[in-house]
Amino acid sequence: MAVCPAWAQQAPPEDVDFLDALIAEQDGSSAVTPAQQPETQQPPADLEVIPVKPGESEPLPTMAEARRAPQVEEIVVTATKRAEPLREIPATIAVLTGEDLEREGIQNIEQIVTMVPGVNLSDEGTGGAPKRVTIRGVSSGTNTNLSVGTLIGDIPFSDPFSPKVQLDPNPFDMATVEVLKGPQGTLFGGTGLNGMIRYVPEAPRLDEVQVKYYGQLTSYPGNGGSGWNYGAMFNAPFADNQAAIRLVGFKRDSPGYVDDTKNDRHDINTASQYGLRGILAWQPDDRWKISLLGATQRTEENDIAYADNYDGRLAHGDSPRPSPSKSAYNLANLSVERSFDWGEVISQTSYVEKQFEIFLEASRALGGLLPLLAGATDNHSEGITQELRLVSAPGDGPWKWLLGAFYYDMQLYDCSEIGALQGLPTLPPLPLLSGVLATPCPGNASKIAGMLDIGQLRGEVDLEEHALFGELTRALGDRWEVTLGARAYRIRTGGTINFSGLLYASQNQLRAGQKPADSSEDGISPKASIAFQATDNLRLYFTASRGFRFGGPQLAASSPTTDVPETYKSDSLWNYELGLRSDWLDRSLRIDASVYRIDWKDPQVYQISADGLTGFIDNVGGARGHGVELSLSYLPSFLEGLSLNATAAWGRTVTTEEFKAANDDPVAVGSPWPMSPRWQTSTTLAYAQPVASWQLGASLRHNYLGQACNTILCTAQVFGYRTLDLNLFATPASGSYWPQLSLTLANLTDERGYGNITTNPLPARDTVTYIAPRTLVLRLSGNF
């Protein structure tokens, strides 16, 4: 039986609150005067005292803790190349936990970005290009370089130009996915023009064996098929708990929901994917941390998920043949960290290899009646990065600093071809007609066999980047903090661009052509911020930062008769952001806000040559954006287990200079930038309660994405839809071998939102990409 302290059984003095006395007793403080303290009393001898051995039970919370309202969790991130509390970083970073993503069965980048207002994704639905993420209205157009980069851990993944493979790992066993808004040029260079998406894998555990698994069924009831995916993780320490290995594998069969009515094929946009990831960690002592990461992923998509109508039918009937594609990547990273009293020295050595190939049915450009045209692309790249940085030790001193050196070398091979007609015999190479009829590249030969190769563009390019970067932070008293940073970079490219075939030779006196792929550029990307800690629960900051995107050689044909420039420049932007971080109601309510302005100089825009035969990238015009973002997290004390998370973003990005679009139409000042919606919101209401030895819960999320223009000429309006997602889950108590069960209904109302629209000249039909229809996800997962 429990024994209540004898003094607690007495009536407290009239001028002392009884609950405060209880708190003071457990906190070791004095809530009453010494004269009021009761004498220490021993329990009566006839009462049995039950001894409790250490470790048999969890310590009971203090009365102060019992009375305290639930608090919003604090998060520490390494998105700034050092471990820092998220709320102390003078920038806007959205953090999604791996646990939440797994519970809802999230599988790809399309689903992730819907959870972060101010961020959207577009899929051109034409094949041959990665899905493009837009942050704060700074979108990247067709065939241009990406404006948002990606990282896995500290490994840069995005290619600086001609990107084809997107980093889209299964979030299984990810610690977090971090979305960094605003320019990242100081720390991450030219692939973070206006943001980065960073995947952070779970690190190996040195203290225990772990096993984790999942099985998931995804189905499109009433609209498409079903598919299974599953995965497992194994963590094992060894060498007297100085080392550990963590292995992750998954296999996903993604169902389809688009029909090909011309060929009577159903659910054509199926995909299969598998991936493996392993991390080996070794900590021989408190000073050293060494880890080796390796990962591989393969994806095969059977056809393109586009429709040719505006009435909501998930179908097209204008493609004589399917357009299958394959993509793959392999990556490795060696990380060595050595701690000193003054800080850390960190070396990151990475290797990334990417491959992409596609057969693209292009006859739909001629109406799609016969298989007359096809495209084929073989793209692969290899990149090596080496980064060495010095980071100050965490402490109470007024200074924090980071210094780094970065080297990047990438070799790119890209061969894109156009084949005409079908069923022709394969012709031997004809030297006299080499300019008019190209010989297919080895990776494309089987794709366009039996067709005339009327257009071949082959680039072999090498890029090198050298950079020095750093940040210095100084605390001014207890409340002010100032940070200055910069990145000085030098970029060099070399190689050749070759073009042949009738389409290109017609511009070059019926001859094949070749041009150098040489370019160079130097620059500095600075950053400055100031933060003010007004109170323990209120922090303000202002940040000005510059981002840039790589320029380079044109992967396009050129000749004396065309107006295609040999190279295009880096574009850059300045972001000015004023932010607020606040906690209320004993930190059970969190309200954050930011206001920003973006000045974008020389945006990279896809253009068409005067003869209409060659597409290229040019720096034209300018743009300006401004907006407001607000987020709220609330854990009400009146109903334990209830939580509310709401975020909203309003922004407007428009052109500031007049220029001509790809079809030579003028673009006026004040024209809306494409893929830049005014409004975007996400609201999640969740409730969870313990029932027996289980935690039962449910969440309902409402997402809204406002309308936006599809291109700079605004030939169609995209987005403009709302979705509801419902998640039900049952989680066993910690340490149980029972699995967790979850049921998710995404797009509950089966909304037909426009993900993208490409308007095409007759006789081709417009290309319409719809968002995924109502989706049912049933997931079983567990660990032991």
# chains A, B, ... in the order shown; residues from 1 in each chain; ligands from 1
>>> residues_around(residues="Thr150 in chain A", least_positions_apart="6", cutoff="7 Å", atoms="only C-alpha atoms", output="PDB file with all heavy atoms, in the first residue's frame")
ATOM      1  N   PRO A 156      24.625  15.787 -51.960  1.00  0.00           N
ATOM      2  CA  PRO A 156      23.867  16.521 -52.990  1.00  0.00           C
ATOM      3  C   PRO A 156      23.515  15.587 -54.137  1.00  0.00           C
ATOM      4  O   PRO A 156      24.358  14.838 -54.624  1.00  0.00           O
ATOM      5  CB  PRO A 156      24.836  17.622 -53.423  1.00  0.00           C
ATOM      6  CG  PRO A 156      26.195  17.128 -53.056  1.00  0.00           C
ATOM      7  CD  PRO A 156      26.023  16.225 -51.876  1.00  0.00           C
ATOM      8  N   PHE A 157      22.259  15.642 -54.579  1.00  0.00           N
ATOM      9  CA  PHE A 157      21.783  14.684 -55.578  1.00  0.00           C
ATOM     10  C   PHE A 157      21.454  15.324 -56.919  1.00  0.00           C
ATOM     11  O   PHE A 157      21.674  14.729 -57.970  1.00  0.00           O
ATOM     12  CB  PHE A 157      20.545  13.958 -55.051  1.00  0.00           C
ATOM     13  CG  PHE A 157      20.088  12.830 -55.926  1.00  0.00           C
ATOM     14  CD1 PHE A 157      20.604  11.553 -55.750  1.00  0.00           C
ATOM     15  CD2 PHE A 157      19.153  13.026 -56.920  1.00  0.00           C
ATOM     16  CE1 PHE A 157      20.202  10.500 -56.566  1.00  0.00           C
ATOM     17  CE2 PHE A 157      18.735  11.985 -57.733  1.00  0.00           C
ATOM     18  CZ  PHE A 157      19.258  10.709 -57.552  1.00  0.00           C
ATOM     19  N   SER A 158      20.912  16.521 -56.921  1.00  0.00           N
ATOM     20  CA  SER A 158      20.384  17.114 -58.153  1.00  0.00           C
ATOM     21  C   SER A 158      21.491  17.437 -59.141  1.00  0.00           C
ATOM     22  O   SER A 158      22.523  18.023 -58.780  1.00  0.00           O
ATOM     23  CB  SER A 158      19.600  18.388 -57.832  1.00  0.00           C
ATOM     24  OG  SER A 158      18.550  18.123 -56.926  1.00  0.00           O
ATOM     25  N   LEU A 167      15.515  12.410 -56.979  1.00  0.00           N
ATOM     26  CA  LEU A 167      15.654  11.681 -55.720  1.00  0.00           C
ATOM     27  C   LEU A 167      14.282  11.589 -55.066  1.00  0.00           C
ATOM     28  O   LEU A 167      13.713  12.584 -54.643  1.00  0.00           O
ATOM     29  CB  LEU A 167      16.632  12.403 -54.786  1.00  0.00           C
ATOM     30  CG  LEU A 167      16.825  11.759 -53.413  1.00  0.00           C
ATOM     31  CD1 LEU A 167      17.479  10.387 -53.543  1.00  0.00           C
ATOM     32  CD2 LEU A 167      17.662  12.643 -52.511  1.00  0.00           C
ATOM     33  N   MET A 196      15.515  23.623 -50.710  1.00  0.00           N
ATOM     34  CA  MET A 196      16.041  22.267 -50.766  1.00  0.00           C
ATOM     35  C   MET A 196      15.061  21.341 -50.056  1.00  0.00           C
ATOM     36  O   MET A 196      14.345  21.737 -49.137  1.00  0.00           O
ATOM     37  CB  MET A 196      17.403  22.157 -50.052  1.00  0.00           C
ATOM     38  CG  MET A 196      18.509  23.013 -50.610  1.00  0.00           C
ATOM     39  SD  MET A 196      19.163  22.426 -52.178  1.00  0.00           S
ATOM     40  CE  MET A 196      20.011  20.942 -51.673  1.00  0.00           C
ATOM     41  N   ILE A 197      15.051  20.080 -50.504  1.00  0.00           N
ATOM     42  CA  ILE A 197      14.344  19.025 -49.793  1.00  0.00           C
ATOM     43  C   ILE A 197      15.396  18.016 -49.350  1.00  0.00           C
ATOM     44  O   ILE A 197      16.152  17.491 -50.176  1.00  0.00           O
ATOM     45  CB  ILE A 197      13.274  18.361 -50.668  1.00  0.00           C
ATOM     46  CG1 ILE A 197      12.203  19.390 -51.036  1.00  0.00           C
ATOM     47  CG2 ILE A 197      12.639  17.180 -49.941  1.00  0.00           C
ATOM     48  CD1 ILE A 197      11.107  18.846 -51.922  1.00  0.00           C
ATOM     49  N   ARG A 198      15.437  17.763 -48.054  1.00  0.00           N
ATOM     50  CA  ARG A 198      16.503  16.948 -47.471  1.00  0.00           C
ATOM     51  C   ARG A 198      15.897  15.737 -46.768  1.00  0.00           C
ATOM     52  O   ARG A 198      15.071  15.870 -45.872  1.00  0.00           O
ATOM     53  CB  ARG A 198      17.319  17.784 -46.488  1.00  0.00           C
ATOM     54  CG  ARG A 198      18.495  17.068 -45.844  1.00  0.00           C
ATOM     55  CD  ARG A 198      19.353  18.056 -45.079  1.00  0.00           C
ATOM     56  NE  ARG A 198      20.509  17.415 -44.489  1.00  0.00           N
ATOM     57  CZ  ARG A 198      20.620  17.123 -43.194  1.00  0.00           C
ATOM     58  NH1 ARG A 198      19.657  17.446 -42.349  1.00  0.00           N
ATOM     59  NH2 ARG A 198      21.706  16.530 -42.727  1.00  0.00           N
TER      60      ARG A 198
END
>>> closest_residue(among="A:Ala295, A:Val179, A:Ile135, A:Ala328", to="Gln166 in chain A", atoms="only C-alpha atoms")
A:Ala328
>>> atom_distance(atom1="CA of Gly182 in chain A", atom2="CA of Asp123 in chain A")
22.0 Å
>>> residues_around(residues="Glu521 in chain A", least_positions_apart="3", cutoff="12 Å", atoms="only C-alpha atoms", output="MDAnalysis selection string")
chainID A and resid 190 463:467 488:493 518 524 548:553 567:571
>>> select_by_dssp(residues="range 453-518 of chain A", states="helix (DSSP H, G or I)", output="MDAnalysis selection string")
chainID A and resid 502:505
>>> closest_residue(among="A:Asp618, A:Asp414, A:Glu337, A:Asp159", to="Gln554 in chain A", atoms="only C-alpha atoms")
A:Asp618
>>> closest_residue(among="A:Val595, A:Val461, A:Ile530, A:Leu86", to="Leu555 in chain A", atoms="only C-alpha atoms")
A:Val461
>>> closest_residue(among="A:Arg722, A:Arg298, A:Arg338, A:Arg136", to="Trp650 in chain A", atoms="only C-alpha atoms")
A:Arg136
>>> atom_distance(atom1="CA of Leu573 in chain A", atom2="CA of Thr144 in chain A")
16.3 Å
>>> atom_distance(atom1="CA of Ala281 in chain A", atom2="CA of Ala203 in chain A")
8.1 Å
>>> residues_around(residues="range 96-102 of chain A", least_positions_apart="3", cutoff="7 Å", atoms="only C-alpha atoms", output="PyMOL selection string")
chain A and resi 105-106+171-178
>>> closest_residue(among="A:Cys714, A:Asn143, A:Gly222, A:Gly137", to="Val654 in chain A", atoms="only C-alpha atoms")
A:Gly137
>>> closest_residue(among="A:Asp583, A:Tyr329, A:Glu471, A:Val436", to="Ala512 in chain A", atoms="only C-alpha atoms")
A:Val436
>>> select_by_dssp(residues="range 531-734 of chain A", states="strand (DSSP E or B)", output="PyMOL selection string")
chain A and resi 531-535+538-549+552-553+567-568+571-584+589-601+604-608+615-619+622-634+642-655+659-660+666-667+672+679-691+694-709+717-732
